[in-house]
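Below is one structure; the comments refer to it alone.
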Amino acid sequence: MVLQTECFKEINDYELLYMIHQDDETALKMLLEKYDRYLWALVLEKWNRNWPGLDEQDVYMIARAKVVEACNNYNEAKGASFQTFM
C-alpha cells in the first residue's frame with residue numbers, strides 16, 4: 001500500500017512517533033515511507049559488494065528494521081531530532 005506523501009507534510013516525526021507508540025500501524029508505515037529515499041541513499045552509499053550473502057535489498061530491509069528499533073528507543077528529551085538519532 002502506497003500512502004499519500006502529502007500526509008507527511010502535515011504530520012511531523014514527533015506526532016508519528018507518538019502514534020506509533022499508541023500501536024498505530026499506519027503511522028509506522030507513514031514513517032517508513034517518509035524515510036524510504038533516505039534509507040535507499042544510505043544503502044547505496046554504504047553497501048559493500050564484498051558482504052557475503054547480502055544484496056542491496058537485504059541491507060535495505062535491515063535498515064528498515066533499524067528504523068523500527070529507533071522508534072522504540074528514541075528519547076526526545078536527549079535533544080536530537082529523530083532523523084539524527086536514527
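Letters A, B, ... go to the chains of the C-alpha cells in the order shown; residues in each chain start at 1; ligands are counted from 1 in the same order.
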Contacts of Gln83 of chain A within 10 Å, only C-alpha atoms, excl. fewer than 3 positions in-chain, as a PyMOL selection string | chain A and resi 13+35+38+67+70+74+80+86
Can you list, as a ChimeraX atom specification, every protein, DNA or RNA residue that comes within 12 Å of Asn73 of chain A when you count only C-alpha atoms, leaving out same-chain residues fewer than 4 positions away?
-> /A:17,21,66-69,77-78,82,85-86
Just to be explicit: take each residue in the selection above, keep N, CA and C atoms, and write the result as an mmCIF file, in the first residue's frame.
```
data_model
loop_
_atom_site.group_PDB
_atom_site.id
_atom_site.type_symbol
_atom_site.label_atom_id
_atom_site.label_comp_id
_atom_site.auth_asym_id
_atom_site.auth_seq_id
_atom_site.Cartn_x
_atom_site.Cartn_y
_atom_site.Cartn_z
ATOM 1 N N LEU A 17 5.743 9.414 15.844
ATOM 2 C CA LEU A 17 6.284 8.559 16.907
ATOM 3 C C LEU A 17 5.266 8.362 18.027
ATOM 4 N N HIS A 21 3.762 4.766 19.106
ATOM 5 C CA HIS A 21 3.762 4.259 20.481
ATOM 6 C C HIS A 21 2.353 3.916 20.973
ATOM 7 N N LYS A 66 16.016 -1.272 11.494
ATOM 8 C CA LYS A 66 16.696 -0.343 12.403
ATOM 9 C C LYS A 66 15.854 0.914 12.637
ATOM 10 N N VAL A 67 15.072 1.332 11.641
ATOM 11 C CA VAL A 67 14.179 2.472 11.831
ATOM 12 C C VAL A 67 13.120 2.130 12.872
ATOM 13 N N VAL A 68 12.570 0.916 12.775
ATOM 14 C CA VAL A 68 11.567 0.475 13.753
ATOM 15 C C VAL A 68 12.201 0.427 15.144
ATOM 16 N N GLU A 69 13.421 -0.092 15.226
ATOM 17 C CA GLU A 69 14.135 -0.138 16.510
ATOM 18 C C GLU A 69 14.367 1.279 17.043
ATOM 19 N N ALA A 77 13.829 13.838 24.868
ATOM 20 C CA ALA A 77 14.460 14.662 25.899
ATOM 21 C C ALA A 77 15.972 14.793 25.703
ATOM 22 N N LYS A 78 16.571 13.918 24.918
ATOM 23 C CA LYS A 78 18.024 13.966 24.703
ATOM 24 C C LYS A 78 18.424 15.110 23.774
ATOM 25 N N PHE A 82 14.695 13.055 15.511
ATOM 26 C CA PHE A 82 14.570 11.625 15.263
ATOM 27 C C PHE A 82 15.484 11.188 14.120
ATOM 28 N N PHE A 85 18.977 10.870 15.369
ATOM 29 C CA PHE A 85 19.086 9.680 16.228
ATOM 30 C C PHE A 85 19.078 8.412 15.392
ATOM 31 N N MET A 86 18.207 8.365 14.424
ATOM 32 C CA MET A 86 18.071 7.181 13.582
ATOM 33 C C MET A 86 19.371 6.943 12.849
#
```
Would you list, as a VMD selection string, the residues of chain A that end up in alpha helix (DSSP H) under DSSP run on this structure's backbone?
-> chain A and resid 6 to 10 13 to 21 25 to 34 36 to 46 56 to 73 82 to 85
Include C-alpha atoms and write out the residues we just selected as a CSV table (one decimal), in the first residue's frame.
```
chain,number,residue,atom,x,y,z
A,6,GLU,CA,1.1,14.9,1.3
A,7,CYS,CA,0.3,13.3,4.7
A,8,PHE,CA,3.9,13.5,5.7
A,9,LYS,CA,4.0,17.3,5.3
A,10,GLU,CA,1.2,17.7,7.8
A,13,ASP,CA,8.1,12.9,13.2
A,14,TYR,CA,7.2,13.5,16.8
A,15,GLU,CA,3.5,13.1,16.1
A,16,LEU,CA,4.2,10.0,14.1
A,17,LEU,CA,6.3,8.6,16.9
A,18,TYR,CA,3.5,9.3,19.4
A,19,MET,CA,1.0,7.5,17.2
A,20,ILE,CA,3.5,4.6,16.7
A,21,HIS,CA,3.8,4.3,20.5
A,25,GLU,CA,0.4,0.7,12.2
A,26,THR,CA,-0.5,3.3,9.7
A,27,ALA,CA,1.8,5.8,11.4
A,28,LEU,CA,4.7,3.3,11.2
A,29,LYS,CA,4.0,2.8,7.5
A,30,MET,CA,4.0,6.6,7.0
A,31,LEU,CA,7.3,7.0,8.8
A,32,LEU,CA,8.9,4.2,6.9
A,33,GLU,CA,7.6,5.6,3.6
A,34,LYS,CA,8.8,9.1,4.6
A,36,ASP,CA,12.3,5.4,2.2
A,37,ARG,CA,14.5,7.6,-0.2
A,38,TYR,CA,16.8,8.4,2.7
A,39,LEU,CA,17.3,4.7,3.5
A,40,TRP,CA,18.0,3.8,-0.1
A,41,ALA,CA,20.5,6.6,-0.3
A,42,LEU,CA,22.3,5.3,2.8
A,43,VAL,CA,22.2,1.7,1.5
A,44,LEU,CA,23.6,2.6,-1.9
A,45,GLU,CA,26.3,4.8,-0.3
A,46,LYS,CA,27.3,2.3,2.4
A,56,GLU,CA,21.1,-4.3,-1.7
A,57,GLN,CA,17.6,-5.4,-0.8
A,58,ASP,CA,18.9,-7.4,2.3
A,59,VAL,CA,20.7,-4.3,3.5
A,60,TYR,CA,17.6,-2.1,2.9
A,61,MET,CA,15.4,-4.5,4.9
A,62,ILE,CA,18.0,-4.3,7.8
A,63,ALA,CA,17.9,-0.5,7.5
A,64,ARG,CA,14.0,-0.6,7.8
A,65,ALA,CA,14.3,-2.8,10.8
A,66,LYS,CA,16.7,-0.3,12.4
A,67,VAL,CA,14.2,2.5,11.8
A,68,VAL,CA,11.6,0.5,13.8
A,69,GLU,CA,14.1,-0.1,16.5
A,70,ALA,CA,14.9,3.6,16.6
A,71,CYS,CA,11.2,4.3,17.0
A,72,ASN,CA,11.2,2.3,20.2
A,73,ASN,CA,14.5,3.7,21.6
A,82,PHE,CA,14.6,11.6,15.3
A,83,GLN,CA,16.4,11.6,11.9
A,84,THR,CA,19.7,12.4,13.6
A,85,PHE,CA,19.1,9.7,16.2
```
